[in-house]
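Here the structure is laid out as structure tokens; the discussion comes afterwards.
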Amino acid sequence: MESETVKVGSSLVIDSMKEVAKEALIKVPESTSFMPNLPIVDLSKLLSEEVKSPELEKLDRACKEWGFFQLINHGVDMKLVEDVKRGAQELFHLPIEEKKKLWQKPGDMEGFGQMLGSDEGSSNWVDLFYILTLPSHLRKPHLFHNIPMPFRKNLEDYCIKMRELAMNIFVLIGKALGIEAWDIEESIREGGQSIRMNYYPPCPQPENVLGLNAHTDGSALTILLQANEVDGLQIDKHGTWVPVKPLPNAFIISLGDVLEVMTNGMYRSTMHRAVVNSEKERVSIATFYGPGRSGNIGPAPTLVTPERPALFKTIGVTDFYKGYLSPEYLGKPKSYINDVLRIQNGHIEG
Ligand SMILES: O=C(O)CCC(=O)C(=O)O
Ligand SMILES: [Fe+2]
């Protein structure tokens, strides 16, 4: 049972013709000139403002309308970020003998490998390196210790910074929702963090494949970092794939399915995907945050009121991921939270 919280990241991109067909209904824009832009939220402003402020309203709107935003002035040392970006790129170019030391073991999702389910004919055009990073006692020594220095050290520092950043965002999300005691903060502090580095090789026919199929993240929160200059992330905005142009020095924040449940549907996870490039490789780094294994996932009690009854059932974290990752729901965005956890008679539309 030890890896329940670690699976958050790699579970969601499994091919399924049903989903491919659904995805085909989302338009690809012919021109991006009239595209709405992903909201930009300034963390330094949020942290310096006392009460309900314009920036906090921006965060609230971004969470409600997009489930995604770019975060600027986040305070994370850019030298560290650059080192991590470079380290991730180099990791995928290690000699094969070195890579083998970091290979996935049978039945395990950690290490270098393919997306779960890809042996069943997935079209995901991506190699990944997936690793549980926190809590540190659950790290796999054979993986961590074989990450070359100085990347290992940088990654270690990065994990801590990402936890700090995630905690700040959770507190601010609580503030944006107007609740005093943000009950999820505690469970998240003890939570599970995992990192997935995605390597998308150049693809001669980029229109025929996807780097990552449309999915929502199974985390509470994901902090995304584009590691080189090549774009490819697209977000589903009311049926249109909106391409994301990351600002320099920004993180892209994605709200996951767990947060949708915890906020009682006030905020939502959003489908996204990654497209590939015909000439250039692309590397991205996703840091996933989920609750600790011993806790529960359910609507925060302060967000359940007579006017807004619980939209979702509460369930233990271990059971959540067991269900979430079962073949029935895997690769079908939001199907687990909607088909299993959603309370059918709640009178508020989800
Ligand atoms: O490569 C990207 O930009 C998206 C990655 C992603 O969505 C994920 O790893 O869950
Ligand atoms: Fe994702």
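Going through the structure tokens in order, the chains are called A, B, and so on, while each chain numbers its residues from 1 and the ligands are numbered from 1 in the order shown.
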Counting only C-alpha atoms and all ligand atoms, what are the residues of chain A within 10 Å of ligand 1, and for each of them which pair of atoms is the nearest and at what distance in Å, to one decimal? Sort the table by chain and rising number, as a tab-separated table.
residue	atom	partner	partner_atom_place_in_ligand_line	distance
A:Val8	CA	ligand 1	10 (O)	9.4
A:Gly9	CA	ligand 1	10 (O)	6.3
A:Ser10	CA	ligand 1	10 (O)	7.3
A:Ser11	CA	ligand 1	10 (O)	8.9
A:Leu12	CA	ligand 1	10 (O)	7.5
A:Val13	CA	ligand 1	10 (O)	7.8
A:Val126	CA	ligand 1	1 (O)	9.2
A:Leu128	CA	ligand 1	9 (O)	9.0
A:Tyr130	CA	ligand 1	9 (O)	9.7
A:Ile195	CA	ligand 1	9 (O)	8.6
A:Arg196	CA	ligand 1	9 (O)	6.1
A:Met197	CA	ligand 1	9 (O)	7.2
A:Asn198	CA	ligand 1	1 (O)	6.1
A:Tyr199	CA	ligand 1	1 (O)	8.0
A:Tyr200	CA	ligand 1	1 (O)	8.1
A:Gly211	CA	ligand 1	1 (O)	7.6
A:Leu212	CA	ligand 1	7 (O)	7.0
A:Asn213	CA	ligand 1	7 (O)	8.8
A:Ala214	CA	ligand 1	7 (O)	8.4
A:His215	CA	ligand 1	7 (O)	7.4
A:Thr216	CA	ligand 1	10 (O)	7.4
A:Asp217	CA	ligand 1	10 (O)	5.8
A:Gly218	CA	ligand 1	10 (O)	8.6
A:Ser219	CA	ligand 1	10 (O)	9.3
A:Thr222	CA	ligand 1	10 (O)	7.7
A:Ile223	CA	ligand 1	8 (C)	9.3
A:Leu224	CA	ligand 1	3 (O)	6.8
A:Leu225	CA	ligand 1	3 (O)	7.3
A:Gln226	CA	ligand 1	3 (O)	6.2
A:Ala227	CA	ligand 1	3 (O)	9.2
A:Val230	CA	ligand 1	3 (O)	9.7
A:Asp231	CA	ligand 1	3 (O)	7.6
A:Gly232	CA	ligand 1	3 (O)	6.1
A:Leu233	CA	ligand 1	3 (O)	4.3
A:Gln234	CA	ligand 1	3 (O)	7.7
A:Ile235	CA	ligand 1	7 (O)	9.3
A:Val244	CA	ligand 1	3 (O)	8.6
A:Pro246	CA	ligand 1	3 (O)	9.5
A:Ile252	CA	ligand 1	3 (O)	8.7
A:Ser254	CA	ligand 1	7 (O)	8.4
A:Gly256	CA	ligand 1	10 (O)	9.6
A:Met271	CA	ligand 1	7 (O)	8.8
A:His272	CA	ligand 1	7 (O)	6.2
A:Arg273	CA	ligand 1	7 (O)	5.9
A:Ala274	CA	ligand 1	2 (C)	5.3
A:Val275	CA	ligand 1	1 (O)	8.2
A:Val276	CA	ligand 1	1 (O)	9.3
A:Arg282	CA	ligand 1	1 (O)	7.8
A:Val283	CA	ligand 1	1 (O)	6.8
A:Ser284	CA	ligand 1	1 (O)	4.8
A:Ile285	CA	ligand 1	9 (O)	6.8
A:Ala286	CA	ligand 1	9 (O)	5.0
A:Thr287	CA	ligand 1	9 (O)	8.1
A:Phe288	CA	ligand 1	10 (O)	8.2
Q: Determine which residues of range 129-257 of chain A DSSP labels as strand (DSSP E or B) from the backbone of this structure, then write them out as an MDAnalysis selection string.
A: chainID A and resid 129:134 192:200 210 212:215 221:226 233:237 240:243 251:255
Which residues of range 143-196 of chain A come within 12 Å of range 87-98 of chain A, and for each one, what is the closest pair of atoms and their distance in Å to one decimal, counting only C-alpha atoms, sorted by chain and residue number, as JSON lines?
{"residue": "A:Leu143", "atom": "CA", "partner": "A:Glu98", "partner_atom": "CA", "distance": 11.3}
{"residue": "A:Asn146", "atom": "CA", "partner": "A:Glu98", "partner_atom": "CA", "distance": 8.3}
{"residue": "A:Ile147", "atom": "CA", "partner": "A:Leu91", "partner_atom": "CA", "distance": 8.1}
{"residue": "A:Pro148", "atom": "CA", "partner": "A:Leu91", "partner_atom": "CA", "distance": 8.2}
{"residue": "A:Met149", "atom": "CA", "partner": "A:Gly87", "partner_atom": "CA", "distance": 9.1}
{"residue": "A:Pro150", "atom": "CA", "partner": "A:Gly87", "partner_atom": "CA", "distance": 8.1}
{"residue": "A:Phe151", "atom": "CA", "partner": "A:Gly87", "partner_atom": "CA", "distance": 5.3}
{"residue": "A:Arg152", "atom": "CA", "partner": "A:Gly87", "partner_atom": "CA", "distance": 8.6}
{"residue": "A:Lys153", "atom": "CA", "partner": "A:Gly87", "partner_atom": "CA", "distance": 10.4}
{"residue": "A:Asn154", "atom": "CA", "partner": "A:Gly87", "partner_atom": "CA", "distance": 8.3}
{"residue": "A:Leu155", "atom": "CA", "partner": "A:Gly87", "partner_atom": "CA", "distance": 8.5}
{"residue": "A:Tyr158", "atom": "CA", "partner": "A:Gly87", "partner_atom": "CA", "distance": 11.6}
{"residue": "A:Ile195", "atom": "CA", "partner": "A:Ala88", "partner_atom": "CA", "distance": 10.9}
{"residue": "A:Arg196", "atom": "CA", "partner": "A:Ala88", "partner_atom": "CA", "distance": 10.0}
Q.
Among range 108-306 of chain A, which ones does DSSP assign to alpha helix (DSSP H) (computed from the backbone)? Answer as number ranges by chain.
A. A: 141-144, 151-176, 184-189, 257-262
Q. Smallest atom-to-atom distance to ligand 2: which of A:Gln114, A:Lys101, A:Ile131, A:Gly67, using only C-alpha atoms and all ligand atoms?
A.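 That would be A:Gly67, the residue with the smallest distance to ligand 2.
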**Q.** Nearest-residue call for Tyr321 in chain A, choices A:Thr240, A:Thr133, A:Asn296, A:Gln193, using only C-alpha atoms
**A.**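 Counting only C-alpha atoms, the residue closest to Tyr321 in chain A is A:Asn296.
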